[in-house]
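Engineer: Sharing a structure with you now.
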Amino acid sequence: MARIVVDVMPKPEILDPQGKAIANELPRIGLDRFAGVRQGKRFELSVDGEATEDVLAQAREAAEKLLSNPVIEDVVRVAVLDETETRTEEN
């Protein structure tokens, strides 16, 4: 089973209150090396079988028509999820 990842971000000209709140909080917890934060969305689509070019094309279509709001968001990535990519960082 393959997985496809879709990343969606607010367009640069769109205000991002969540990102702003995070950016304001980082220095308060001692993390002061970041100039800004943009909050986005990530989707993982599971595929029975291989993630062929046809399946990727369908994922791109889903991203443009359903997973994002094209008025305020850009689809920034549609790609097969590499098995070495982890969903969370282990501490």
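Note on naming: chains are A, B, ... as they come in the structure tokens, residues start from 1 per chain, ligands start from 1 in the order shown.
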Which parts of stretch 14-62 of chain A does DSSP call alpha helix (DSSP H) when run on the backbone here, written out as a PyMOL selection string?

Structural biologist: chain A and resi 17-25+53-62

Engineer: Taking only C-alpha atoms into account, which of A:Leu81, A:Val75, A:Val37, A:Val5 comes nearest A:Lys20?

Structural biologist: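 Closest residue, counting only C-alpha atoms: A:Val37.
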
Engineer: Do a neighbour search on A:Ala23 at 12 Å with only C-alpha atoms, toss out local chain neighbours closer than 4 positions, and write the hits as a list in words.

Structural biologist: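 Contacts, in chain order: Asp16, Pro17, Gln18, Gly19, Pro27, Arg28, Ile29, Gly30, Leu31, Asp32, Arg33, Phe34, Ala35, Gly36, Val37, Arg38 and Gln39 of chain A.
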
Engineer: Just write the chosen residues, N, CA, C and O atoms, as a PDB file, in the first residue's frame.

Structural biologist:
ATOM      1  N   ASP A  16      -2.411  34.896   8.336  1.00  0.00           N
ATOM      2  CA  ASP A  16      -2.352  33.579   8.968  1.00  0.00           C
ATOM      3  C   ASP A  16      -2.314  33.764  10.478  1.00  0.00           C
ATOM      4  O   ASP A  16      -1.248  33.785  11.088  1.00  0.00           O
ATOM      5  N   PRO A  17      -3.481  33.930  11.121  1.00  0.00           N
ATOM      6  CA  PRO A  17      -3.489  34.203  12.556  1.00  0.00           C
ATOM      7  C   PRO A  17      -2.884  33.083  13.392  1.00  0.00           C
ATOM      8  O   PRO A  17      -2.245  33.341  14.406  1.00  0.00           O
ATOM      9  N   GLN A  18      -3.062  31.826  12.981  1.00  0.00           N
ATOM     10  CA  GLN A  18      -2.459  30.721  13.745  1.00  0.00           C
ATOM     11  C   GLN A  18      -0.936  30.789  13.669  1.00  0.00           C
ATOM     12  O   GLN A  18      -0.251  30.631  14.671  1.00  0.00           O
ATOM     13  N   GLY A  19      -0.419  31.011  12.473  1.00  0.00           N
ATOM     14  CA  GLY A  19       1.020  31.130  12.311  1.00  0.00           C
ATOM     15  C   GLY A  19       1.579  32.301  13.100  1.00  0.00           C
ATOM     16  O   GLY A  19       2.636  32.209  13.726  1.00  0.00           O
ATOM     17  N   PRO A  27       9.464  32.856  20.988  1.00  0.00           N
ATOM     18  CA  PRO A  27      10.469  33.506  21.840  1.00  0.00           C
ATOM     19  C   PRO A  27      10.138  33.399  23.329  1.00  0.00           C
ATOM     20  O   PRO A  27      11.044  33.324  24.159  1.00  0.00           O
ATOM     21  N   ARG A  28       8.860  33.347  23.654  1.00  0.00           N
ATOM     22  CA  ARG A  28       8.460  33.239  25.056  1.00  0.00           C
ATOM     23  C   ARG A  28       8.865  31.918  25.689  1.00  0.00           C
ATOM     24  O   ARG A  28       8.972  31.811  26.905  1.00  0.00           O
ATOM     25  N   ILE A  29       9.062  30.903  24.852  1.00  0.00           N
ATOM     26  CA  ILE A  29       9.496  29.599  25.386  1.00  0.00           C
ATOM     27  C   ILE A  29      10.964  29.330  25.063  1.00  0.00           C
ATOM     28  O   ILE A  29      11.423  28.200  25.121  1.00  0.00           O
ATOM     29  N   GLY A  30      11.677  30.409  24.720  1.00  0.00           N
ATOM     30  CA  GLY A  30      13.114  30.299  24.528  1.00  0.00           C
ATOM     31  C   GLY A  30      13.547  29.872  23.135  1.00  0.00           C
ATOM     32  O   GLY A  30      14.714  29.553  22.927  1.00  0.00           O
ATOM     33  N   LEU A  31      12.668  29.887  22.171  1.00  0.00           N
ATOM     34  CA  LEU A  31      13.008  29.505  20.792  1.00  0.00           C
ATOM     35  C   LEU A  31      12.958  30.754  19.929  1.00  0.00           C
ATOM     36  O   LEU A  31      11.921  31.112  19.375  1.00  0.00           O
ATOM     37  N   ASP A  32      14.105  31.430  19.809  1.00  0.00           N
ATOM     38  CA  ASP A  32      14.118  32.751  19.197  1.00  0.00           C
ATOM     39  C   ASP A  32      14.818  32.814  17.843  1.00  0.00           C
ATOM     40  O   ASP A  32      15.147  33.879  17.364  1.00  0.00           O
ATOM     41  N   ARG A  33      15.031  31.702  17.207  1.00  0.00           N
ATOM     42  CA  ARG A  33      15.738  31.700  15.928  1.00  0.00           C
ATOM     43  C   ARG A  33      14.820  31.732  14.710  1.00  0.00           C
ATOM     44  O   ARG A  33      15.279  31.652  13.582  1.00  0.00           O
ATOM     45  N   PHE A  34      13.517  31.834  14.928  1.00  0.00           N
ATOM     46  CA  PHE A  34      12.569  31.760  13.816  1.00  0.00           C
ATOM     47  C   PHE A  34      12.009  33.137  13.502  1.00  0.00           C
ATOM     48  O   PHE A  34      11.540  33.850  14.379  1.00  0.00           O
ATOM     49  N   ALA A  35      12.047  33.500  12.230  1.00  0.00           N
ATOM     50  CA  ALA A  35      11.579  34.817  11.803  1.00  0.00           C
ATOM     51  C   ALA A  35      10.078  34.841  11.556  1.00  0.00           C
ATOM     52  O   ALA A  35       9.460  35.897  11.595  1.00  0.00           O
ATOM     53  N   GLY A  36       9.475  33.703  11.313  1.00  0.00           N
ATOM     54  CA  GLY A  36       8.041  33.661  11.050  1.00  0.00           C
ATOM     55  C   GLY A  36       7.540  32.234  10.964  1.00  0.00           C
ATOM     56  O   GLY A  36       8.328  31.290  10.864  1.00  0.00           O
ATOM     57  N   VAL A  37       6.240  32.092  11.004  1.00  0.00           N
ATOM     58  CA  VAL A  37       5.594  30.780  10.930  1.00  0.00           C
ATOM     59  C   VAL A  37       4.362  30.905  10.050  1.00  0.00           C
ATOM     60  O   VAL A  37       3.622  31.889  10.153  1.00  0.00           O
ATOM     61  N   ARG A  38       4.136  29.941   9.181  1.00  0.00           N
ATOM     62  CA  ARG A  38       2.902  29.823   8.407  1.00  0.00           C
ATOM     63  C   ARG A  38       2.302  28.460   8.744  1.00  0.00           C
ATOM     64  O   ARG A  38       2.985  27.445   8.687  1.00  0.00           O
ATOM     65  N   GLN A  39       1.059  28.439   9.122  1.00  0.00           N
ATOM     66  CA  GLN A  39       0.341  27.214   9.469  1.00  0.00           C
ATOM     67  C   GLN A  39      -0.324  26.656   8.218  1.00  0.00           C
ATOM     68  O   GLN A  39      -1.059  27.361   7.547  1.00  0.00           O
TER      69      GLN A  39
END

Engineer: Write down as a list in words the residues of stretch 24-90 of chain A whose backbone DSSP state falls under strand (DSSP E).

Structural biologist: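 Put together, the selection reads Lys41, Arg42, Phe43, Glu44, Leu45, Ser46, Val47, Glu73, Asp74, Val75, Val76, Arg77, Val78, Ala79 and Val80 of chain A.
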
Engineer: Do a neighbour search on stretch 61-65 of chain A at 12 Å with only C-alpha atoms, toss out local chain neighbours closer than 6 positions, and write the hits as a PDB file with C-alpha atoms, in the first residue's frame.

Structural biologist:
ATOM      1  CA  ILE A   4       0.546  10.109  -1.103  1.00  0.00           C
ATOM      2  CA  VAL A   5       1.125  13.287   0.865  1.00  0.00           C
ATOM      3  CA  VAL A   6      -0.564  16.572  -0.023  1.00  0.00           C
ATOM      4  CA  ASP A   7       0.628  19.795   1.617  1.00  0.00           C
ATOM      5  CA  VAL A   8      -1.531  22.916   1.440  1.00  0.00           C
ATOM      6  CA  MET A   9      -0.462  26.377   2.613  1.00  0.00           C
ATOM      7  CA  LYS A  41      -2.465  21.476   6.250  1.00  0.00           C
ATOM      8  CA  ARG A  42      -1.153  18.007   5.448  1.00  0.00           C
ATOM      9  CA  PHE A  43      -3.195  15.154   4.017  1.00  0.00           C
ATOM     10  CA  GLU A  44      -2.080  11.542   3.585  1.00  0.00           C
ATOM     11  CA  LEU A  45      -3.966   9.523   0.994  1.00  0.00           C
ATOM     12  CA  ASP A  54      -2.424   8.225 -12.957  1.00  0.00           C
ATOM     13  CA  VAL A  55      -2.992   7.933  -9.212  1.00  0.00           C
ATOM     14  CA  VAL A  71      -9.098  31.342  -3.273  1.00  0.00           C
ATOM     15  CA  ILE A  72      -6.881  31.439  -0.177  1.00  0.00           C
ATOM     16  CA  GLU A  73      -4.605  28.368  -0.370  1.00  0.00           C
ATOM     17  CA  ASP A  74      -1.923  26.883  -2.618  1.00  0.00           C
ATOM     18  CA  VAL A  75      -1.236  23.180  -3.051  1.00  0.00           C
ATOM     19  CA  VAL A  76       2.510  23.131  -2.487  1.00  0.00           C
ATOM     20  CA  ARG A  77       3.242  19.404  -2.724  1.00  0.00           C
ATOM     21  CA  VAL A  78       1.652  16.219  -4.007  1.00  0.00           C
ATOM     22  CA  ALA A  79       4.126  13.343  -3.742  1.00  0.00           C
TER      23      ALA A  79
END

Engineer: With only C-alpha atoms as the basis for distance, which of A:Ala2, A:Leu26, A:Ile14, A:Leu67 is at the shortest distance from A:Ala51?

Structural biologist: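 Among the listed residues, A:Ala2 lies closest to A:Ala51.
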
Engineer: When you count only C-alpha atoms, which of these residues is closest to A:Arg3: A:Asp48, A:Leu66, A:Ala21, A:Gly40?

Structural biologist: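 Using only C-alpha atoms, the shortest distance to A:Arg3 belongs to A:Asp48.
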